[in-house]
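S.K.: I am sharing start.pdb, which consists of PDB, C-alpha atoms:
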```pdb
ATOM      1  CA  MET A   1     -35.042 -44.154 -52.777
ATOM      2  CA  ALA A   2     -35.738 -43.968 -49.132
ATOM      3  CA  PHE A   3     -33.954 -41.476 -46.943
ATOM      4  CA  LYS A   4     -31.399 -42.723 -44.498
ATOM      5  CA  PRO A   5     -32.955 -42.909 -41.062
ATOM      6  CA  SER A   6     -31.703 -40.282 -38.589
ATOM      7  CA  GLN A   7     -28.772 -41.364 -36.513
ATOM      8  CA  ARG A   8     -29.057 -38.543 -34.006
ATOM      9  CA  GLY A   9     -30.435 -40.782 -31.303
ATOM     10  CA  SER A  10     -27.843 -43.447 -31.605
ATOM     11  CA  GLN A  11     -24.700 -41.286 -31.959
ATOM     12  CA  GLU A  12     -22.873 -40.405 -28.779
ATOM     13  CA  ALA A  13     -22.002 -36.735 -28.410
ATOM     14  CA  GLU A  14     -18.264 -36.164 -28.210
ATOM     15  CA  PRO A  15     -17.375 -34.263 -24.998
ATOM     16  CA  MET A  16     -16.276 -30.805 -26.070
ATOM     17  CA  GLU A  17     -13.114 -29.323 -24.618
ATOM     18  CA  ILE A  18     -11.965 -25.759 -25.063
ATOM     19  CA  ASN A  19      -8.315 -25.382 -25.839
ATOM     20  CA  ILE A  20      -7.118 -23.480 -22.773
ATOM     21  CA  PHE A  21      -3.399 -23.724 -23.442
ATOM     22  CA  PRO A  22      -2.996 -20.269 -25.033
ATOM     23  CA  MET A  23      -4.796 -18.842 -22.006
ATOM     24  CA  MET A  24      -2.495 -20.788 -19.701
ATOM     25  CA  ASN A  25       0.565 -19.465 -21.514
ATOM     26  CA  LEU A  26      -0.689 -15.933 -21.068
ATOM     27  CA  MET A  27      -1.286 -16.454 -17.350
ATOM     28  CA  VAL A  28       2.088 -18.031 -16.786
ATOM     29  CA  VAL A  29       3.750 -14.984 -18.343
ATOM     30  CA  LEU A  30       1.521 -12.304 -16.807
ATOM     31  CA  VAL A  31       1.472 -13.543 -13.209
ATOM     32  CA  PRO A  32       5.267 -13.464 -12.648
ATOM     33  CA  LEU A  33       5.509 -10.155 -14.496
ATOM     34  CA  LEU A  34       2.915  -8.469 -12.296
ATOM     35  CA  LEU A  35       4.296 -10.131  -9.178
ATOM     36  CA  SER A  36       7.736  -8.722  -9.846
ATOM     37  CA  THR A  37       6.462  -5.176 -10.388
ATOM     38  CA  ALA A  38       3.929  -5.194  -7.549
ATOM     39  CA  THR A  39       4.607  -2.854  -4.632
ATOM     40  CA  PHE A  40       3.299  -4.285  -1.422
ATOM     41  CA  VAL A  41       4.502  -1.551   0.913
ATOM     42  CA  LYS A  42       3.382   1.881  -0.093
ATOM     43  CA  ILE A  43       5.651   4.769   0.688
ATOM     44  CA  GLY A  44       4.194   8.133   1.504
ATOM     45  CA  VAL A  45       5.443  11.437   2.788
ATOM     46  CA  ILE A  46       4.446  13.990   5.405
ATOM     47  CA  GLU A  47       4.942  17.504   4.194
ATOM     48  CA  LEU A  48       6.513  20.058   6.456
ATOM     49  CA  ASN A  49       7.250  23.489   5.139
ATOM     50  CA  LEU A  50       9.381  25.697   7.308
ATOM     51  CA  PRO A  51       9.880  29.364   6.739
ATOM     52  CA  GLN A  52      13.377  29.809   5.437
ATOM     53  CA  LEU A  53      15.771  30.821   8.168
ATOM     54  CA  GLY A  54      18.770  33.019   7.826
ATOM     55  CA  GLU A  55      19.463  35.957   5.575
ATOM     56  CA  SER A  56      18.593  34.269   2.271
ATOM     57  CA  VAL A  57      15.062  35.695   2.118
ATOM     58  CA  THR A  58      14.738  37.892  -0.946
ATOM     59  CA  GLY A  59      12.952  41.217  -1.070
ATOM     60  CA  THR A  60       9.996  39.862  -3.018
ATOM     61  CA  ALA A  61       8.793  37.721  -0.137
ATOM     62  CA  THR A  62       5.647  39.074   1.433
ATOM     63  CA  PRO A  63       5.566  39.355   5.181
ATOM     64  CA  PRO A  64       3.483  36.642   6.819
ATOM     65  CA  THR A  65      -0.052  37.830   7.390
ATOM     66  CA  GLU A  66      -2.038  36.799  10.408
ATOM     67  CA  PRO A  67      -5.706  37.400   9.732
ATOM     68  CA  GLN A  68      -6.865  34.904  12.296
ATOM     69  CA  GLU A  69      -6.632  34.933  16.007
ATOM     70  CA  SER A  70      -3.921  32.548  16.973
ATOM     71  CA  LEU A  71      -4.950  29.692  19.194
ATOM     72  CA  ASP A  72      -1.425  28.741  20.254
ATOM     73  CA  LEU A  73      -2.501  25.155  20.518
ATOM     74  CA  THR A  74       0.455  23.111  21.661
ATOM     75  CA  VAL A  75       0.810  19.402  22.194
ATOM     76  CA  ALA A  76       3.844  18.420  24.229
ATOM     77  CA  ILE A  77       5.034  14.821  24.055
ATOM     78  CA  LYS A  78       6.727  13.803  27.257
ATOM     79  CA  THR A  79       7.767  10.383  28.429
ATOM     80  CA  ASP A  80       4.728  10.258  30.720
ATOM     81  CA  GLY A  81       2.058  11.358  28.250
ATOM     82  CA  PHE A  82       0.644  14.234  26.218
ATOM     83  CA  PHE A  83       0.070  17.740  27.501
ATOM     84  CA  ILE A  84      -2.271  20.007  25.556
ATOM     85  CA  THR A  85      -2.043  23.723  26.234
ATOM     86  CA  SER A  86      -3.761  26.522  24.410
ATOM     87  CA  ALA A  87      -4.846  30.103  24.737
ATOM     88  CA  PHE A  88      -8.374  28.809  24.381
ATOM     89  CA  ILE A  89      -8.469  26.305  27.215
ATOM     90  CA  GLY A  90      -6.179  28.309  29.455
ATOM     91  CA  GLN A  91      -2.828  27.512  30.920
ATOM     92  CA  GLU A  92      -4.219  26.510  34.306
ATOM     93  CA  ASP A  93      -6.194  23.536  33.147
ATOM     94  CA  ALA A  94      -3.706  22.100  30.691
ATOM     95  CA  LEU A  95      -5.099  18.820  29.453
ATOM     96  CA  VAL A  96      -3.037  15.855  30.493
ATOM     97  CA  ILE A  97      -3.371  12.564  28.659
ATOM     98  CA  PRO A  98      -1.412   9.942  30.559
ATOM     99  CA  LEU A  99       0.053   6.800  29.048
ATOM    100  CA  LEU A 100      -2.124   3.754  28.589
ATOM    101  CA  GLY A 101      -1.819   0.816  30.945
ATOM    102  CA  ASP A 102       0.720  -0.971  28.751
ATOM    103  CA  GLY A 103       2.993   2.067  28.550
ATOM    104  CA  SER A 104       2.011   3.185  25.056
ATOM    105  CA  PHE A 105       0.788   6.630  24.130
ATOM    106  CA  ASP A 106      -2.953   7.253  24.019
ATOM    107  CA  TYR A 107      -3.383   8.633  20.487
ATOM    108  CA  ASP A 108      -7.137   8.015  20.365
ATOM    109  CA  THR A 109      -7.821  10.179  23.404
ATOM    110  CA  LEU A 110      -5.509  12.851  22.006
ATOM    111  CA  SER A 111      -7.526  12.912  18.769
ATOM    112  CA  GLU A 112     -10.767  13.031  20.715
ATOM    113  CA  LYS A 113      -9.643  15.954  22.880
ATOM    114  CA  LEU A 114      -8.367  17.873  19.870
ATOM    115  CA  PHE A 115     -11.662  17.161  18.116
ATOM    116  CA  GLU A 116     -13.525  18.674  21.063
ATOM    117  CA  ILE A 117     -11.286  21.750  20.969
ATOM    118  CA  LYS A 118     -11.793  22.061  17.221
ATOM    119  CA  ARG A 119     -15.574  21.778  17.600
ATOM    120  CA  GLY A 120     -15.523  24.434  20.292
ATOM    121  CA  ILE A 121     -13.811  27.002  18.068
ATOM    122  CA  LEU A 122     -15.350  26.223  14.689
ATOM    123  CA  ASN A 123     -17.592  29.287  14.564
ATOM    124  CA  THR A 124     -15.134  31.704  16.070
ATOM    125  CA  PRO A 125     -12.552  33.709  14.152
ATOM    126  CA  LYS A 126      -9.834  31.637  15.750
ATOM    127  CA  ASP A 127      -7.219  29.855  13.731
ATOM    128  CA  THR A 128      -8.428  26.295  13.212
ATOM    129  CA  LYS A 129      -5.530  24.894  11.222
ATOM    130  CA  ASN A 130      -2.294  25.302  13.090
ATOM    131  CA  ILE A 131      -0.921  23.197  15.861
ATOM    132  CA  ILE A 132       2.492  23.204  17.492
ATOM    133  CA  LEU A 133       4.197  19.995  18.498
ATOM    134  CA  GLN A 134       6.847  19.820  21.159
ATOM    135  CA  ALA A 135       8.724  16.715  22.156
ATOM    136  CA  GLN A 136      11.221  15.677  24.729
ATOM    137  CA  ALA A 137      14.620  14.924  23.265
ATOM    138  CA  ASN A 138      14.450  11.175  23.837
ATOM    139  CA  VAL A 139      10.999  10.645  22.325
ATOM    140  CA  GLU A 140      11.223   8.171  19.458
ATOM    141  CA  TYR A 141      10.608   9.270  15.881
ATOM    142  CA  GLN A 142       7.724   6.794  15.438
ATOM    143  CA  ILE A 143       5.883   8.279  18.436
ATOM    144  CA  PHE A 144       6.405  11.729  17.001
ATOM    145  CA  ILE A 145       5.015  10.690  13.605
ATOM    146  CA  SER A 146       2.032   8.955  15.211
ATOM    147  CA  THR A 147       1.270  12.042  17.283
ATOM    148  CA  MET A 148       1.368  14.096  14.113
ATOM    149  CA  ASP A 149      -1.105  11.662  12.520
ATOM    150  CA  ALA A 150      -3.376  11.876  15.551
ATOM    151  CA  SER A 151      -3.386  15.666  15.520
ATOM    152  CA  ARG A 152      -3.940  15.931  11.761
ATOM    153  CA  SER A 153      -7.070  13.853  11.397
ATOM    154  CA  TYR A 154      -9.592  12.063  13.528
ATOM    155  CA  LEU A 155     -11.323   8.870  12.456
ATOM    156  CA  THR A 156     -14.949   8.849  13.568
ATOM    157  CA  GLU A 157     -17.434   6.123  12.704
ATOM    158  CA  GLU A 158     -18.635   7.950   9.610
ATOM    159  CA  ALA A 159     -15.692   9.788   8.195
ATOM    160  CA  ILE A 160     -12.224  11.152   8.673
ATOM    161  CA  VAL A 161     -12.445  14.576  10.292
ATOM    162  CA  GLU A 162      -9.705  17.077   9.634
ATOM    163  CA  LEU A 163      -8.295  18.444  12.869
ATOM    164  CA  PHE A 164      -5.213  20.628  12.692
ATOM    165  CA  PRO A 165      -3.405  19.811   9.449
ATOM    166  CA  GLN A 166      -0.723  22.482   9.671
ATOM    167  CA  VAL A 167       1.791  21.094  12.086
ATOM    168  CA  SER A 168       4.645  23.216  13.342
ATOM    169  CA  ILE A 169       7.455  21.749  15.343
ATOM    170  CA  SER A 170       8.942  23.535  18.261
ATOM    171  CA  VAL A 171      12.498  22.635  19.135
ATOM    172  CA  ASP A 172      15.154  24.079  21.356
ATOM    173  CA  ILE A 173      18.202  24.217  19.115
ATOM    174  CA  LEU A 174      21.279  26.006  20.430
TER     175      LEU A 174
ATOM    176  CA  MET B   1     -30.626 -69.412 -16.818
ATOM    177  CA  ALA B   2     -27.539 -67.280 -16.996
ATOM    178  CA  PHE B   3     -27.625 -63.655 -15.916
ATOM    179  CA  ILE B   4     -27.161 -60.935 -18.457
ATOM    180  CA  PRO B   5     -23.622 -59.583 -18.008
ATOM    181  CA  SER B   6     -23.482 -56.098 -16.535
ATOM    182  CA  ARG B   7     -23.143 -53.357 -19.122
ATOM    183  CA  ILE B   8     -21.938 -50.775 -16.697
ATOM    184  CA  LYS B   9     -18.901 -52.834 -15.812
ATOM    185  CA  PHE B  10     -17.890 -53.066 -19.436
ATOM    186  CA  LYS B  11     -18.217 -49.367 -20.057
ATOM    187  CA  LYS B  12     -15.559 -48.755 -17.433
ATOM    188  CA  TYR B  13     -12.888 -50.457 -19.463
ATOM    189  CA  GLU B  14     -13.934 -49.118 -22.823
ATOM    190  CA  LYS B  15     -11.699 -46.027 -22.655
ATOM    191  CA  VAL B  16      -8.739 -46.154 -24.935
ATOM    192  CA  ALA B  17      -5.460 -46.179 -23.072
ATOM    193  CA  GLY B  18      -3.173 -43.151 -23.727
ATOM    194  CA  SER B  19      -5.858 -40.468 -23.924
ATOM    195  CA  VAL B  20      -5.375 -39.218 -20.350
ATOM    196  CA  SER B  21      -6.482 -35.620 -20.027
ATOM    197  CA  LEU B  22      -5.434 -33.328 -17.177
ATOM    198  CA  ASN B  23      -8.156 -31.268 -15.582
ATOM    199  CA  LEU B  24      -6.789 -27.736 -15.619
ATOM    200  CA  THR B  25      -9.979 -25.890 -14.757
ATOM    201  CA  SER B  26      -9.233 -25.353 -11.071
ATOM    202  CA  MET B  27      -5.736 -24.146 -11.859
ATOM    203  CA  MET B  28      -7.188 -21.704 -14.364
ATOM    204  CA  ASP B  29      -9.566 -20.405 -11.718
ATOM    205  CA  MET B  30      -6.678 -19.826  -9.338
ATOM    206  CA  PHE B  31      -4.608 -18.037 -11.945
ATOM    207  CA  THR B  32      -7.527 -15.816 -12.880
ATOM    208  CA  ILE B  33      -8.025 -14.751  -9.282
ATOM    209  CA  ILE B  34      -4.322 -14.020  -8.796
ATOM    210  CA  LEU B  35      -4.219 -12.091 -12.047
ATOM    211  CA  VAL B  36      -7.173  -9.920 -11.101
ATOM    212  CA  PHE B  37      -5.667  -9.227  -7.674
ATOM    213  CA  LEU B  38      -2.309  -8.261  -9.139
ATOM    214  CA  LEU B  39      -3.894  -6.038 -11.765
ATOM    215  CA  LYS B  40      -5.863  -4.289  -9.008
ATOM    216  CA  THR B  41      -2.756  -3.587  -6.938
ATOM    217  CA  TYR B  42      -0.686  -2.608  -9.955
ATOM    218  CA  SER B  43       0.466   0.961  -9.836
ATOM    219  CA  THR B  44       1.978   2.628 -12.839
ATOM    220  CA  GLU B  45       4.114   4.881 -10.698
ATOM    221  CA  GLY B  46       6.330   2.238  -9.209
ATOM    222  CA  GLN B  47       8.452   3.185  -6.283
ATOM    223  CA  LEU B  48       9.886   6.639  -6.597
ATOM    224  CA  ILE B  49      11.727   6.441  -3.322
ATOM    225  CA  GLN B  50      13.767   3.398  -2.501
ATOM    226  CA  PRO B  51      13.908   2.892   1.257
ATOM    227  CA  SER B  52      17.512   2.744   2.377
ATOM    228  CA  GLN B  53      19.176  -0.173   4.022
ATOM    229  CA  ASN B  54      19.866  -0.227   7.732
ATOM    230  CA  LEU B  55      16.777   1.655   8.799
ATOM    231  CA  THR B  56      13.071   1.050   9.332
ATOM    232  CA  LEU B  57      10.791   3.872   8.302
ATOM    233  CA  PRO B  58       7.989   4.826  10.693
ATOM    234  CA  ASN B  59       4.358   4.041   9.901
ATOM    235  CA  SER B  60       1.867   6.793   9.292
ATOM    236  CA  THR B  61      -1.691   7.288   8.087
ATOM    237  CA  SER B  62      -0.565  10.031   5.725
ATOM    238  CA  GLN B  63      -1.955   9.554   2.228
ATOM    239  CA  THR B  64       0.328  11.992   0.444
ATOM    240  CA  ALA B  65       2.228  10.323  -2.365
ATOM    241  CA  ALA B  66       5.980  10.414  -2.426
ATOM    242  CA  GLU B  67       7.887  12.563  -4.875
ATOM    243  CA  VAL B  68      11.438  12.748  -6.034
ATOM    244  CA  ALA B  69      13.682  15.221  -4.285
ATOM    245  CA  LEU B  70      17.105  15.448  -2.715
ATOM    246  CA  ASP B  71      17.447  12.437  -0.477
ATOM    247  CA  LEU B  72      18.641  12.790   3.092
ATOM    248  CA  THR B  73      18.893   9.569   5.050
ATOM    249  CA  VAL B  74      19.306   9.286   8.790
ATOM    250  CA  SER B  75      20.064   5.630   9.414
ATOM    251  CA  LYS B  76      21.144   4.016  12.649
ATOM    252  CA  GLU B  77      24.802   4.841  12.008
ATOM    253  CA  TRP B  78      25.195   7.509   9.347
ATOM    254  CA  ILE B  79      23.593  10.624   7.985
ATOM    255  CA  MET B  80      23.710  10.388   4.221
ATOM    256  CA  VAL B  81      23.005  12.967   1.552
ATOM    257  CA  ASN B  82      22.114  11.297  -1.757
ATOM    258  CA  ASN B  83      23.565   8.032  -0.437
ATOM    259  CA  ARG B  84      26.915   9.578   0.423
ATOM    260  CA  PRO B  85      27.766   9.235   4.112
ATOM    261  CA  VAL B  86      28.420  12.641   5.620
ATOM    262  CA  MET B  87      28.289  12.362   9.370
ATOM    263  CA  GLN B  88      28.242   9.629  11.977
ATOM    264  CA  ILE B  89      25.303   9.406  14.390
ATOM    265  CA  GLY B  90      27.602   8.373  17.240
ATOM    266  CA  ASP B  91      29.568  11.633  16.941
ATOM    267  CA  ILE B  92      26.407  13.699  17.303
ATOM    268  CA  ILE B  93      25.158  11.782  20.321
ATOM    269  CA  ALA B  94      28.590  11.990  21.936
ATOM    270  CA  ASP B  95      28.630  15.787  21.741
ATOM    271  CA  PRO B  96      25.349  17.328  22.954
ATOM    272  CA  THR B  97      26.568  20.856  22.211
ATOM    273  CA  ILE B  98      26.172  20.318  18.463
ATOM    274  CA  GLY B  99      23.194  22.266  17.175
ATOM    275  CA  ILE B 100      23.418  22.656  13.428
ATOM    276  CA  LEU B 101      25.146  19.697  11.805
ATOM    277  CA  GLU B 102      27.902  21.509   9.939
ATOM    278  CA  PRO B 103      29.159  18.754   7.572
ATOM    279  CA  VAL B 104      25.557  18.113   6.511
ATOM    280  CA  GLN B 105      24.946  21.811   6.047
ATOM    281  CA  LYS B 106      28.061  22.131   3.893
ATOM    282  CA  GLU B 107      26.902  19.244   1.721
ATOM    283  CA  LEU B 108      23.358  20.614   1.421
ATOM    284  CA  LEU B 109      24.557  24.084   0.495
ATOM    285  CA  GLU B 110      26.703  22.469  -2.185
ATOM    286  CA  TYR B 111      23.618  20.771  -3.624
ATOM    287  CA  ALA B 112      21.610  23.981  -3.331
ATOM    288  CA  LYS B 113      24.287  25.860  -5.265
ATOM    289  CA  GLU B 114      24.251  23.232  -7.987
ATOM    290  CA  ALA B 115      20.434  23.275  -8.118
ATOM    291  CA  LYS B 116      20.374  27.056  -8.407
ATOM    292  CA  ARG B 117      22.878  26.899 -11.230
ATOM    293  CA  MET B 118      20.546  24.441 -12.971
ATOM    294  CA  ASP B 119      17.717  26.869 -12.348
ATOM    295  CA  LEU B 120      19.614  29.673 -14.045
ATOM    296  CA  SER B 121      20.929  27.730 -17.030
ATOM    297  CA  TYR B 122      18.140  25.245 -17.771
ATOM    298  CA  GLY B 123      15.093  26.662 -16.022
ATOM    299  CA  ILE B 124      14.588  23.718 -13.674
ATOM    300  CA  PRO B 125      13.066  25.529 -10.700
ATOM    301  CA  PHE B 126      14.793  25.161  -7.365
ATOM    302  CA  THR B 127      12.092  24.362  -4.827
ATOM    303  CA  GLY B 128      14.158  23.536  -1.763
ATOM    304  CA  LYS B 129      12.533  20.148  -1.354
ATOM    305  CA  VAL B 130      14.281  17.418   0.562
ATOM    306  CA  THR B 131      13.003  13.985   1.554
ATOM    307  CA  ILE B 132      14.103  12.823   4.968
ATOM    308  CA  GLN B 133      14.228   9.110   5.683
ATOM    309  CA  GLY B 134      14.681   8.473   9.347
ATOM    310  CA  ASP B 135      14.816   5.290  11.387
ATOM    311  CA  LYS B 136      11.746   4.971  13.561
ATOM    312  CA  ASN B 137      13.711   4.440  16.760
ATOM    313  CA  LEU B 138      15.844   7.560  16.477
ATOM    314  CA  PRO B 139      15.426  10.078  19.289
ATOM    315  CA  PHE B 140      13.497  13.221  18.454
ATOM    316  CA  SER B 141      16.511  15.414  19.215
ATOM    317  CA  MET B 142      18.371  13.838  16.276
ATOM    318  CA  ILE B 143      15.475  14.386  13.864
ATOM    319  CA  SER B 144      14.961  17.958  15.034
ATOM    320  CA  LYS B 145      18.658  18.718  14.521
ATOM    321  CA  VAL B 146      18.488  17.318  11.003
ATOM    322  CA  MET B 147      15.362  19.343  10.281
ATOM    323  CA  ALA B 148      16.904  22.516  11.654
ATOM    324  CA  THR B 149      19.972  21.918   9.506
ATOM    325  CA  CYS B 150      17.811  21.527   6.413
ATOM    326  CA  GLY B 151      15.953  24.720   7.249
ATOM    327  CA  GLU B 152      19.232  26.565   7.628
ATOM    328  CA  SER B 153      20.650  25.176   4.394
ATOM    329  CA  GLU B 154      18.111  26.444   1.853
ATOM    330  CA  TYR B 155      16.034  23.270   1.988
ATOM    331  CA  PRO B 156      13.032  24.326   4.088
ATOM    332  CA  ASN B 157      10.448  22.118   2.344
ATOM    333  CA  MET B 158      10.876  18.809   4.054
ATOM    334  CA  ARG B 159       9.099  15.579   3.344
ATOM    335  CA  LEU B 160       9.290  12.942   6.026
ATOM    336  CA  VAL B 161       9.240   9.550   4.336
ATOM    337  CA  VAL B 162       6.919   7.026   5.975
ATOM    338  CA  TYR B 163       5.294   3.705   5.260
ATOM    339  CA  GLN B 164       1.614   4.180   4.554
ATOM    340  CA  SER B 165      -0.589   2.031   6.735
ATOM    341  CA  GLN B 166      -4.354   1.828   6.934
ATOM    342  CA  LYS B 167      -5.719   2.467  10.358
TER     343      LYS B 167
END
```
Mind converting the file's structure to structure tokens?
M.R.:
Amino acid sequence: MAFKPSQRGSQEAEPMEINIFPMMNLMVVLVPLLLSTATFVKIGVIELNLPQLGESVTGTATPPTEPQESLDLTVAIKTDGFFITSAFIGQEDALVIPLLGDGSFDYDTLSEKLFEIKRGILNTPKDTKNIILQAQANVEYQIFISTMDASRSYLTEEAIVELFPQVSISVDIL
Amino acid sequence: MAFIPSRIKFKKYEKVAGSVSLNLTSMMDMFTIILVFLLKTYSTEGQLIQPSQNLTLPNSTSQTAAEVALDLTVSKEWIMVNNRPVMQIGDIIADPTIGILEPVQKELLEYAKEAKRMDLSYGIPFTGKVTIQGDKNLPFSMISKVMATCGESEYPNMRLVVYQSQK
């Protein structure tokens, strides 16, 4: 008996299709689920730790030590710009950073100036962490926060440089 | 001599009617991309702090994550402690002689007392942490008064709540 001749050449290959419906079902469930739980605005915090005022300090608290020479670096926010004063640069030549042309505050220059001050004192025993912020009463909260950002870190081309992360706020209450 | 009829033409009509198939490949591609994006942005923490109504938080480059603490909200109209209105902003602006906000202080001391009691009976440490949500257009004098009040009311560890933004 002769073998049946091969039919491979004459048979048409059926186009194969993968069954993607289970995959589709999964997607249809997962996408709305993740969309509903996604957080698009991230909320962060700025930490500020004040020494406790009043008489509630207990006896165990150690007195604040001051091993470093204080720099007394102060940034004042006024309606016409920033004023940087410090024991290091001297009261006479207080740095003035005026507003930009469109009336907004010049945070970049503030960061730059503070970066210069920080670089100048890096190898001295001076205190390189603390900064005091002052603000006029009618300065908006957003400006205050942005100033704090500008004095905490400085964004150079390569990296974020830490400036004066420990911010104190000076206010005239009562 | 007659021409041979075109074979290509016939092939066109050979398909059996009723076997229409939808091409879902591009839709699958889209879904895959969306899914990967959403999985990347997914955070297991969720939102610990719900921003209050009637105020816009300021933007900041701070990268510190939020944590749960006593919630003090300074909106455009009210100062609220744990979502309970305590003092009206208008009253404070109307009277510039106010230094420490007494109703707020009373409320905070009440919470501090409760927290200390919890510390004693259940060992939940009282850390004096308070999160302050303030509207970004508030004057600095208002914020500083609120902060001074917190400092005077056994809550010296303040966290200013901000929207994180990339610079």
S.K.: Using all atoms listed in the file, which of the listed residues (A:Glu17, A:Glu12, A:Glu140, A:Asp108) sits closest to chain B?
M.R.: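 Comparing A:Glu17, A:Glu12, A:Glu140, A:Asp108 against chain B, the winner is A:Glu140.
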S.K.: Applying 9 Å and only C-alpha atoms, which residues near stretch 83-91 of chain B remain after dropping the ones on its own chain fewer than 4 positions away? List them as number ranges by chain.
M.R.: B: 52, 71-79, 95, 101, 103-104, 107, 142
S.K.: Keeping only C-alpha atoms, write the selected residues as a compact mmCIF listing (two decimals), in the frame of the given file.
M.R.:
```txt
# COMPACT_ATOMS: atom_id res chain seq x y z
CA SER B 52 17.51 2.74 2.38
CA ASP B 71 17.45 12.44 -0.48
CA LEU B 72 18.64 12.79 3.09
CA THR B 73 18.89 9.57 5.05
CA VAL B 74 19.31 9.29 8.79
CA SER B 75 20.06 5.63 9.41
CA LYS B 76 21.14 4.02 12.65
CA GLU B 77 24.80 4.84 12.01
CA TRP B 78 25.20 7.51 9.35
CA ILE B 79 23.59 10.62 7.98
CA ASP B 95 28.63 15.79 21.74
CA LEU B 101 25.15 19.70 11.80
CA PRO B 103 29.16 18.75 7.57
CA VAL B 104 25.56 18.11 6.51
CA GLU B 107 26.90 19.24 1.72
CA MET B 142 18.37 13.84 16.28
```
S.K.: With only C-alpha atoms as the basis for distance, which of B:Leu120, B:Leu38, B:Val146, B:Leu55 is at the shortest distance from chain A?
M.R.: B:Leu38
S.K.: Work out how far apart atom CA of A:Val29 and atom CA of B:Thr41 are and give it in Å to one decimal.
M.R.: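 About the pair atom CA of A:Val29 and atom CA of B:Thr41: they are 17.4 Å apart.
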S.K.: Within 12 Å of (9.0, 11.3, -6.7) (file coordinates; only C-alpha atoms), which protein or nucleic acid residues are there? I'd like them as a ChimeraX atom specification.
M.R.: /A:43-45 /B:45-50,64-71,129-131,159,161
S.K.: The ChimeraX specification (/B :<10) & /A on the file shown: which residues, as a PyMOL selection string?
M.R.: chain A and resi 20-21+23-24+27-28+30-35+37-57+134-150+152-153+155+169-174
S.K.: Quick one, how far is atom CA of A:Ile84 from atom CA of A:Ser104?
M.R.: 17.4 Å
S.K.: To one decimal in Å, tell me the separation between atom CA of A:Leu71 and atom CA of A:Ser86.
M.R.: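 Computed distance, atom CA of A:Leu71 to atom CA of A:Ser86, equals 6.2 Å.
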